[in-house]
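Below: one structure, written as structure tokens.
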Amino acid sequence: MKILLTGAAGFIGYHVAKLLLERGDEVVGIDNLNDYYDVSLKQARLKELAAYPRFRFERVEIADAKELDAVFAAHEFERVVHLAAQAGVRYSLVNPMAYINGNIVGFTHILEQCRHRKVPHLVYASSSSVYGANTRMPFSVRQGVDHPLSLYGATKKANELMAHSYSNLYALPTTGLRFFTVYGPWGRPDMVMYLFTKAISEGRPIDVFNQGNMRRDFTYIDDIAESVVRVMDRVPAGDPAWNGDAPNAASSYAPYRVYNIGNHSPVELDYVIELIEKSLGRKAVRNLLPMQPGDVPATYADVEELEADVGFKPATSIETGIARFVEWYTRYNSKA
């Protein structure tokens, strides 16, 4: 198929693009290459993807309607995988407009293009952050998610609502993916796995929030990419059993679905630090800090619907995943 992949220079985008290219799809990747984190890492990912003859990259700002329209006008896409967004919970406290422009305005332009170009299926990145103040574990896509604790989470919830309205009004098949704490090779420098590994390897203290009393459903990047591609291949239809008197939040009478993509195995942050220490052969110096605004103490994904619909669920162990990440980190930074 011919696929538009937004955020192609990003962490998840790179791995999804690689998986699609290796199975023979044609991928047009777009990204604005912003400087939220080290642009050289994004360029290194693109250099890897450039080795595939079926990959084409264009630098595009999705918040610019004309730039995005030019891409859609030049191609006839059979799928759109929308992963571009302003990421990060804490940065939303500093620069909220980046989230409005990238995650709300940009997503509106994606929806409009998919509507007018009659794209057969739009898959887009949501986030576990939409669960916000929810405390019933594991988090299920059947739960309501009306109390996000960060602007980032609020924009992702808004994306799901916007997608449903387009699925309803224009019969546009959409699928939202709530990613849970993604990690692995080529990961983002602003995320905990990279931050901890870098600091420990350099002999610097690590900031451990909520006094270390945090649990995260760490999900390995290969499992994330496999889930995205499998979901992309499954175009949703309206659910004939959907009932407005007892609505299932994960589906609709419209061609709309939402899935959790998580490892279904939350891990204590202290254990993650121990595994990084083991892989590096160095001990960490912990700087214990209070909970940060917008953070939640725990995440835990129920992936029952994902497994039932696409026959796959993430299963890479944290021990295996961290060993692979640290090996990549060491190799990548030795070349820098």
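Order determines the names: the first chain of the structure tokens is A, the second B, and so forth; residues in each chain are numbered 1 upward, and ligands are numbered 1 upward as they are shown.
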
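For range 315-317 of chain A, the set of protein, DNA and RNA residues having any atom at most 9 Å away, when counting only C-alpha atoms and skipping those fewer than 6 positions along the same chain, is A:Thr219, A:Tyr220, A:Asp222, A:Asp223, A:Gly262, A:Asn263, A:His264, A:Ser265.
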
Using only all heavy atoms, please write the residues we just selected to a file, as a PDB file, in the first residue's frame.
```
ATOM      1  N   THR A 219       6.406  -0.269  27.535  1.00  0.00           N
ATOM      2  CA  THR A 219       6.061  -1.057  26.352  1.00  0.00           C
ATOM      3  C   THR A 219       7.163  -0.916  25.311  1.00  0.00           C
ATOM      4  O   THR A 219       7.485   0.201  24.882  1.00  0.00           O
ATOM      5  CB  THR A 219       4.711  -0.588  25.766  1.00  0.00           C
ATOM      6  OG1 THR A 219       3.751  -0.491  26.826  1.00  0.00           O
ATOM      7  CG2 THR A 219       4.217  -1.570  24.721  1.00  0.00           C
ATOM      8  N   TYR A 220       7.726  -2.049  24.918  1.00  0.00           N
ATOM      9  CA  TYR A 220       8.891  -2.046  24.029  1.00  0.00           C
ATOM     10  C   TYR A 220       8.499  -1.620  22.621  1.00  0.00           C
ATOM     11  O   TYR A 220       7.431  -1.982  22.107  1.00  0.00           O
ATOM     12  CB  TYR A 220       9.531  -3.430  24.013  1.00  0.00           C
ATOM     13  CG  TYR A 220      10.863  -3.485  23.317  1.00  0.00           C
ATOM     14  CD1 TYR A 220      11.955  -2.777  23.811  1.00  0.00           C
ATOM     15  CD2 TYR A 220      11.042  -4.243  22.158  1.00  0.00           C
ATOM     16  CE1 TYR A 220      13.190  -2.820  23.181  1.00  0.00           C
ATOM     17  CE2 TYR A 220      12.268  -4.294  21.514  1.00  0.00           C
ATOM     18  CZ  TYR A 220      13.338  -3.573  22.038  1.00  0.00           C
ATOM     19  OH  TYR A 220      14.556  -3.616  21.399  1.00  0.00           O
ATOM     20  N   ASP A 222       9.311  -2.384  19.546  1.00  0.00           N
ATOM     21  CA  ASP A 222       8.963  -3.348  18.494  1.00  0.00           C
ATOM     22  C   ASP A 222       7.517  -3.808  18.630  1.00  0.00           C
ATOM     23  O   ASP A 222       6.820  -4.034  17.629  1.00  0.00           O
ATOM     24  CB  ASP A 222       9.893  -4.560  18.541  1.00  0.00           C
ATOM     25  CG  ASP A 222      11.301  -4.246  18.051  1.00  0.00           C
ATOM     26  OD1 ASP A 222      11.557  -3.071  17.695  1.00  0.00           O
ATOM     27  OD2 ASP A 222      12.153  -5.152  18.036  1.00  0.00           O
ATOM     28  N   ASP A 223       7.049  -3.949  19.872  1.00  0.00           N
ATOM     29  CA  ASP A 223       5.656  -4.337  20.106  1.00  0.00           C
ATOM     30  C   ASP A 223       4.707  -3.210  19.713  1.00  0.00           C
ATOM     31  O   ASP A 223       3.606  -3.458  19.198  1.00  0.00           O
ATOM     32  CB  ASP A 223       5.450  -4.692  21.577  1.00  0.00           C
ATOM     33  CG  ASP A 223       6.164  -5.972  21.983  1.00  0.00           C
ATOM     34  OD1 ASP A 223       6.417  -6.816  21.108  1.00  0.00           O
ATOM     35  OD2 ASP A 223       6.463  -6.128  23.189  1.00  0.00           O
ATOM     36  N   GLY A 262      -0.200  -1.458  25.330  1.00  0.00           N
ATOM     37  CA  GLY A 262       0.650  -1.514  26.512  1.00  0.00           C
ATOM     38  C   GLY A 262       1.077  -2.937  26.800  1.00  0.00           C
ATOM     39  O   GLY A 262       0.537  -3.891  26.227  1.00  0.00           O
ATOM     40  N   ASN A 263       2.022  -3.068  27.693  1.00  0.00           N
ATOM     41  CA  ASN A 263       2.606  -4.381  27.984  1.00  0.00           C
ATOM     42  C   ASN A 263       1.791  -5.185  28.985  1.00  0.00           C
ATOM     43  O   ASN A 263       2.093  -6.351  29.239  1.00  0.00           O
ATOM     44  CB  ASN A 263       4.038  -4.222  28.511  1.00  0.00           C
ATOM     45  CG  ASN A 263       4.938  -5.369  28.116  1.00  0.00           C
ATOM     46  OD1 ASN A 263       4.975  -5.755  26.946  1.00  0.00           O
ATOM     47  ND2 ASN A 263       5.648  -5.940  29.070  1.00  0.00           N
ATOM     48  N   HIS A 264       0.764  -4.565  29.583  1.00  0.00           N
ATOM     49  CA  HIS A 264      -0.098  -5.239  30.569  1.00  0.00           C
ATOM     50  C   HIS A 264       0.738  -5.779  31.728  1.00  0.00           C
ATOM     51  O   HIS A 264       0.498  -6.863  32.238  1.00  0.00           O
ATOM     52  CB  HIS A 264      -0.899  -6.368  29.892  1.00  0.00           C
ATOM     53  CG  HIS A 264      -1.993  -6.933  30.761  1.00  0.00           C
ATOM     54  ND1 HIS A 264      -3.050  -6.190  31.206  1.00  0.00           N
ATOM     55  CD2 HIS A 264      -2.172  -8.177  31.272  1.00  0.00           C
ATOM     56  CE1 HIS A 264      -3.844  -6.950  31.939  1.00  0.00           C
ATOM     57  NE2 HIS A 264      -3.324  -8.151  32.004  1.00  0.00           N
ATOM     58  N   SER A 265       1.772  -5.019  32.108  1.00  0.00           N
ATOM     59  CA  SER A 265       2.687  -5.475  33.159  1.00  0.00           C
ATOM     60  C   SER A 265       3.419  -4.288  33.768  1.00  0.00           C
ATOM     61  O   SER A 265       4.579  -4.034  33.442  1.00  0.00           O
ATOM     62  CB  SER A 265       3.693  -6.481  32.581  1.00  0.00           C
ATOM     63  OG  SER A 265       4.560  -6.962  33.584  1.00  0.00           O
TER      64      SER A 265
END
```

Write out as a short mmCIF file (atom, residue, chain, number, x, y, z; two decimals) with all heavy atoms, in the first residue's frame all residues of range 23-218 of chain A that backbone DSSP assigns to strand (DSSP E or B).
```
data_model
loop_
_atom_site.label_atom_id
_atom_site.label_comp_id
_atom_site.auth_asym_id
_atom_site.auth_seq_id
_atom_site.Cartn_x
_atom_site.Cartn_y
_atom_site.Cartn_z
N GLU A 26 4.91 1.27 0.39
CA GLU A 26 5.53 2.53 0.01
C GLU A 26 5.16 3.57 1.06
O GLU A 26 3.97 3.74 1.36
CB GLU A 26 5.04 2.98 -1.37
CG GLU A 26 5.67 4.27 -1.86
CD GLU A 26 5.18 4.68 -3.24
OE1 GLU A 26 4.47 3.88 -3.89
OE2 GLU A 26 5.51 5.80 -3.67
N VAL A 27 6.14 4.26 1.61
CA VAL A 27 5.90 5.19 2.71
C VAL A 27 6.35 6.59 2.33
O VAL A 27 7.51 6.80 1.97
CB VAL A 27 6.62 4.74 4.00
CG1 VAL A 27 6.43 5.77 5.11
CG2 VAL A 27 6.14 3.37 4.45
N VAL A 28 5.42 7.53 2.42
CA VAL A 28 5.76 8.94 2.32
C VAL A 28 5.77 9.47 3.76
O VAL A 28 4.73 9.50 4.44
CB VAL A 28 4.75 9.73 1.48
CG1 VAL A 28 5.08 11.23 1.49
CG2 VAL A 28 4.72 9.20 0.05
N GLY A 29 6.95 9.83 4.24
CA GLY A 29 7.09 10.29 5.61
C GLY A 29 7.20 11.80 5.66
O GLY A 29 7.92 12.40 4.86
N ILE A 30 6.47 12.42 6.59
CA ILE A 30 6.59 13.86 6.78
C ILE A 30 6.89 14.14 8.25
O ILE A 30 6.54 13.38 9.14
CB ILE A 30 5.33 14.63 6.33
CG1 ILE A 30 4.10 14.24 7.16
CG2 ILE A 30 5.08 14.42 4.84
CD1 ILE A 30 2.86 15.09 6.86
N ASP A 31 7.56 15.26 8.49
CA ASP A 31 7.94 15.68 9.84
C ASP A 31 8.38 17.13 9.76
O ASP A 31 8.91 17.55 8.72
CB ASP A 31 9.09 14.80 10.35
CG ASP A 31 9.21 14.80 11.87
OD1 ASP A 31 9.54 15.85 12.45
OD2 ASP A 31 8.98 13.75 12.48
N PHE A 55 10.94 4.60 0.40
CA PHE A 55 10.71 5.66 1.37
C PHE A 55 11.00 7.02 0.76
O PHE A 55 12.03 7.22 0.10
CB PHE A 55 11.60 5.47 2.61
CG PHE A 55 11.42 6.54 3.65
CD1 PHE A 55 10.28 6.59 4.44
CD2 PHE A 55 12.40 7.53 3.84
CE1 PHE A 55 10.11 7.58 5.40
CE2 PHE A 55 12.23 8.52 4.80
CZ PHE A 55 11.09 8.55 5.58
N ARG A 56 10.11 7.96 0.99
CA ARG A 56 10.30 9.34 0.55
C ARG A 56 9.99 10.26 1.73
O ARG A 56 8.97 10.07 2.41
CB ARG A 56 9.36 9.66 -0.62
CG ARG A 56 9.39 11.12 -1.05
CD ARG A 56 8.46 11.37 -2.21
NE ARG A 56 8.37 12.79 -2.54
CZ ARG A 56 7.60 13.29 -3.50
NH1 ARG A 56 6.86 12.47 -4.24
NH2 ARG A 56 7.56 14.58 -3.74
N PHE A 57 10.86 11.25 1.97
CA PHE A 57 10.65 12.17 3.08
C PHE A 57 10.41 13.58 2.59
O PHE A 57 11.07 14.04 1.65
CB PHE A 57 11.85 12.16 4.03
CG PHE A 57 11.72 13.18 5.14
CD1 PHE A 57 10.83 12.96 6.17
CD2 PHE A 57 12.45 14.36 5.12
CE1 PHE A 57 10.67 13.90 7.19
CE2 PHE A 57 12.31 15.30 6.12
CZ PHE A 57 11.42 15.07 7.17
N GLU A 58 9.48 14.27 3.25
CA GLU A 58 9.24 15.68 2.99
C GLU A 58 9.12 16.41 4.32
O GLU A 58 8.43 15.94 5.23
CB GLU A 58 7.95 15.88 2.17
CG GLU A 58 8.01 15.28 0.79
CD GLU A 58 6.74 15.56 -0.01
OE1 GLU A 58 6.16 16.65 0.18
OE2 GLU A 58 6.34 14.69 -0.79
N ARG A 59 9.79 17.54 4.42
CA ARG A 59 9.69 18.35 5.64
C ARG A 59 8.42 19.19 5.55
O ARG A 59 8.31 20.08 4.69
CB ARG A 59 10.92 19.23 5.81
CG ARG A 59 10.92 19.98 7.13
CD ARG A 59 12.28 20.59 7.44
NE ARG A 59 12.28 21.24 8.75
CZ ARG A 59 13.37 21.68 9.35
NH1 ARG A 59 14.56 21.56 8.75
NH2 ARG A 59 13.30 22.25 10.55
N ARG A 79 -3.67 4.55 3.24
CA ARG A 79 -3.72 4.64 4.70
C ARG A 79 -2.99 5.91 5.13
O ARG A 79 -2.01 6.32 4.50
CB ARG A 79 -3.04 3.44 5.38
CG ARG A 79 -3.66 2.09 5.11
CD ARG A 79 -4.98 1.91 5.84
NE ARG A 79 -5.46 0.53 5.72
CZ ARG A 79 -6.17 0.05 4.69
NH1 ARG A 79 -6.46 0.87 3.67
NH2 ARG A 79 -6.59 -1.20 4.68
N VAL A 80 -3.44 6.49 6.23
CA VAL A 80 -2.70 7.56 6.89
C VAL A 80 -2.44 7.13 8.32
O VAL A 80 -3.38 6.78 9.06
CB VAL A 80 -3.48 8.89 6.87
CG1 VAL A 80 -2.78 9.93 7.75
CG2 VAL A 80 -3.63 9.41 5.45
N VAL A 81 -1.17 7.11 8.71
CA VAL A 81 -0.78 6.81 10.09
C VAL A 81 -0.24 8.12 10.67
O VAL A 81 0.83 8.58 10.29
CB VAL A 81 0.27 5.69 10.16
CG1 VAL A 81 0.68 5.44 11.62
CG2 VAL A 81 -0.27 4.41 9.53
N HIS A 82 -1.01 8.69 11.57
CA HIS A 82 -0.69 10.03 12.09
C HIS A 82 -0.05 9.92 13.47
O HIS A 82 -0.73 9.68 14.48
CB HIS A 82 -1.97 10.86 12.17
CG HIS A 82 -1.77 12.22 12.78
ND1 HIS A 82 -0.85 13.11 12.28
CD2 HIS A 82 -2.36 12.82 13.84
CE1 HIS A 82 -0.89 14.22 13.02
NE2 HIS A 82 -1.79 14.06 13.96
N LEU A 122 -7.76 6.08 8.76
CA LEU A 122 -6.84 6.95 9.50
C LEU A 122 -6.55 6.31 10.86
O LEU A 122 -7.47 6.05 11.64
CB LEU A 122 -7.46 8.34 9.71
CG LEU A 122 -6.78 9.24 10.75
CD1 LEU A 122 -5.35 9.58 10.34
CD2 LEU A 122 -7.60 10.51 10.99
N VAL A 123 -5.27 6.05 11.10
CA VAL A 123 -4.81 5.57 12.41
C VAL A 123 -4.02 6.71 13.05
O VAL A 123 -3.16 7.30 12.39
CB VAL A 123 -3.92 4.32 12.27
CG1 VAL A 123 -3.38 3.88 13.64
CG2 VAL A 123 -4.69 3.19 11.61
N TYR A 124 -4.30 7.02 14.32
CA TYR A 124 -3.64 8.15 14.94
C TYR A 124 -3.19 7.81 16.36
O TYR A 124 -3.77 6.93 17.02
CB TYR A 124 -4.56 9.38 14.97
CG TYR A 124 -5.84 9.18 15.76
CD1 TYR A 124 -5.92 9.56 17.10
CD2 TYR A 124 -6.95 8.57 15.17
CE1 TYR A 124 -7.06 9.37 17.83
CE2 TYR A 124 -8.11 8.37 15.90
CZ TYR A 124 -8.16 8.77 17.23
OH TYR A 124 -9.32 8.55 17.96
N ALA A 125 -2.18 8.50 16.82
CA ALA A 125 -1.63 8.27 18.16
C ALA A 125 -2.43 9.04 19.19
O ALA A 125 -2.55 10.26 19.12
CB ALA A 125 -0.17 8.71 18.21
N SER A 126 -2.95 8.30 20.15
CA SER A 126 -3.48 8.91 21.37
C SER A 126 -2.45 8.62 22.46
O SER A 126 -1.27 8.48 22.16
CB SER A 126 -4.86 8.35 21.71
OG SER A 126 -5.40 9.03 22.83
N SER A 127 -2.86 8.51 23.70
CA SER A 127 -1.90 8.34 24.78
C SER A 127 -2.58 7.80 26.03
O SER A 127 -3.77 8.07 26.27
CB SER A 127 -1.23 9.68 25.11
OG SER A 127 -0.50 9.62 26.31
N PHE A 139 -6.25 0.07 33.24
CA PHE A 139 -7.04 1.02 32.47
C PHE A 139 -7.65 0.30 31.26
O PHE A 139 -6.95 -0.34 30.49
CB PHE A 139 -6.17 2.16 31.96
CG PHE A 139 -5.64 3.06 33.05
CD1 PHE A 139 -4.37 3.61 32.94
CD2 PHE A 139 -6.41 3.39 34.15
CE1 PHE A 139 -3.87 4.45 33.93
CE2 PHE A 139 -5.92 4.23 35.14
CZ PHE A 139 -4.65 4.75 35.03
N THR A 174 -11.67 5.59 11.55
CA THR A 174 -10.56 6.08 12.36
C THR A 174 -10.27 5.12 13.50
O THR A 174 -11.19 4.52 14.07
CB THR A 174 -10.85 7.47 12.96
OG1 THR A 174 -11.92 7.37 13.90
CG2 THR A 174 -11.22 8.48 11.87
N THR A 175 -9.01 4.99 13.84
CA THR A 175 -8.60 4.17 14.98
C THR A 175 -7.56 4.94 15.79
O THR A 175 -6.53 5.35 15.26
CB THR A 175 -8.00 2.83 14.54
OG1 THR A 175 -8.94 2.12 13.71
CG2 THR A 175 -7.66 1.97 15.75
N GLY A 176 -7.84 5.12 17.09
CA GLY A 176 -6.92 5.79 18.00
C GLY A 176 -6.16 4.79 18.84
O GLY A 176 -6.73 3.80 19.30
N LEU A 177 -4.88 5.05 19.06
CA LEU A 177 -4.01 4.13 19.80
C LEU A 177 -3.46 4.83 21.03
O LEU A 177 -2.70 5.80 20.92
CB LEU A 177 -2.87 3.65 18.91
CG LEU A 177 -3.30 2.99 17.60
CD1 LEU A 177 -2.08 2.58 16.78
CD2 LEU A 177 -4.18 1.77 17.88
N ARG A 178 -3.83 4.31 22.20
CA ARG A 178 -3.35 4.87 23.46
C ARG A 178 -2.05 4.17 23.86
O ARG A 178 -2.07 3.06 24.41
CB ARG A 178 -4.41 4.71 24.54
CG ARG A 178 -5.67 5.51 24.27
CD ARG A 178 -6.77 5.22 25.28
NE ARG A 178 -7.97 6.01 25.00
CZ ARG A 178 -9.15 5.83 25.59
NH1 ARG A 178 -9.27 4.88 26.52
NH2 ARG A 178 -10.18 6.58 25.28
N PHE A 179 -0.94 4.81 23.56
CA PHE A 179 0.38 4.22 23.85
C PHE A 179 0.72 4.38 25.33
O PHE A 179 0.49 5.43 25.92
CB PHE A 179 1.46 4.91 23.02
CG PHE A 179 1.31 4.76 21.54
CD1 PHE A 179 1.36 5.86 20.70
CD2 PHE A 179 1.11 3.51 20.97
CE1 PHE A 179 1.23 5.73 19.32
CE2 PHE A 179 0.97 3.36 19.60
CZ PHE A 179 1.03 4.47 18.77
N VAL A 182 6.39 4.19 26.05
CA VAL A 182 7.16 3.49 25.01
C VAL A 182 8.66 3.69 25.26
O VAL A 182 9.10 4.79 25.62
CB VAL A 182 6.79 4.04 23.62
CG1 VAL A 182 7.42 3.17 22.53
CG2 VAL A 182 5.27 4.09 23.45
N TYR A 183 9.44 2.63 25.05
CA TYR A 183 10.89 2.73 25.22
C TYR A 183 11.56 1.77 24.27
O TYR A 183 10.92 0.86 23.71
CB TYR A 183 11.31 2.41 26.67
CG TYR A 183 11.25 0.93 26.99
CD1 TYR A 183 12.42 0.16 27.04
CD2 TYR A 183 10.04 0.28 27.20
CE1 TYR A 183 12.38 -1.20 27.31
CE2 TYR A 183 9.98 -1.07 27.47
CZ TYR A 183 11.15 -1.82 27.53
OH TYR A 183 11.10 -3.16 27.78
N ILE A 206 20.30 11.05 39.16
CA ILE A 206 19.05 10.98 38.40
C ILE A 206 17.92 11.54 39.26
O ILE A 206 17.88 11.32 40.46
CB ILE A 206 18.72 9.54 37.94
CG1 ILE A 206 18.61 8.60 39.14
CG2 ILE A 206 19.75 9.04 36.95
CD1 ILE A 206 18.12 7.20 38.77
N ASP A 207 17.01 12.29 38.64
CA ASP A 207 15.84 12.82 39.33
C ASP A 207 14.75 11.75 39.34
O ASP A 207 14.28 11.32 38.28
CB ASP A 207 15.32 14.08 38.64
CG ASP A 207 16.26 15.26 38.81
OD1 ASP A 207 17.06 15.23 39.77
OD2 ASP A 207 16.19 16.20 37.99
N VAL A 208 14.37 11.31 40.54
CA VAL A 208 13.35 10.27 40.70
C VAL A 208 12.14 10.91 41.39
O VAL A 208 12.19 11.25 42.57
CB VAL A 208 13.89 9.09 41.53
CG1 VAL A 208 12.84 7.99 41.63
CG2 VAL A 208 15.18 8.55 40.92
N ARG A 215 4.87 3.54 39.10
CA ARG A 215 4.79 2.30 38.34
C ARG A 215 4.33 2.66 36.92
O ARG A 215 3.38 3.42 36.75
CB ARG A 215 3.83 1.30 38.97
CG ARG A 215 4.23 0.87 40.39
CD ARG A 215 3.13 0.07 41.06
NE ARG A 215 3.09 -1.30 40.54
CZ ARG A 215 1.98 -1.93 40.17
NH1 ARG A 215 0.82 -1.32 40.20
NH2 ARG A 215 2.04 -3.18 39.75
N ARG A 216 5.02 2.10 35.95
CA ARG A 216 4.68 2.39 34.56
C ARG A 216 4.57 1.10 33.76
O ARG A 216 5.32 0.14 33.99
CB ARG A 216 5.75 3.29 33.91
CG ARG A 216 5.74 4.73 34.41
CD ARG A 216 4.55 5.48 33.88
NE ARG A 216 4.54 6.89 34.30
CZ ARG A 216 3.97 7.34 35.40
NH1 ARG A 216 3.38 6.49 36.23
NH2 ARG A 216 3.97 8.64 35.68
#
```

List the neighbours of Asn134 in chain A out to 10 Å using only C-alpha atoms; skip same-chain residues closer than 4 positions along the sequence, and give me the result as a PyMOL selection string. chain A and resi 130+138-139+143-149+296+299

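With only C-alpha atoms as the atoms that count, the residue of A:Val258, A:Met162, A:Ile3, A:Val310 with the shortest distance to Ser227 in chain A is A:Val310.
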
Mind running range 197-299 of chain A against range 19-22 of chain A at 10 Å and telling me each contacting residue's nearest atom pair with the distance in Å (one decimal), counting only C-alpha atoms, chain and number ascending, as CSV?
```
residue,atom,partner,partner_atom,distance
A:Asp222,CA,A:Leu19,CA,9.0
A:Ala225,CA,A:Leu19,CA,7.1
A:Glu226,CA,A:Leu19,CA,7.6
A:Val228,CA,A:Leu19,CA,9.9
A:Val229,CA,A:Leu20,CA,7.3
```
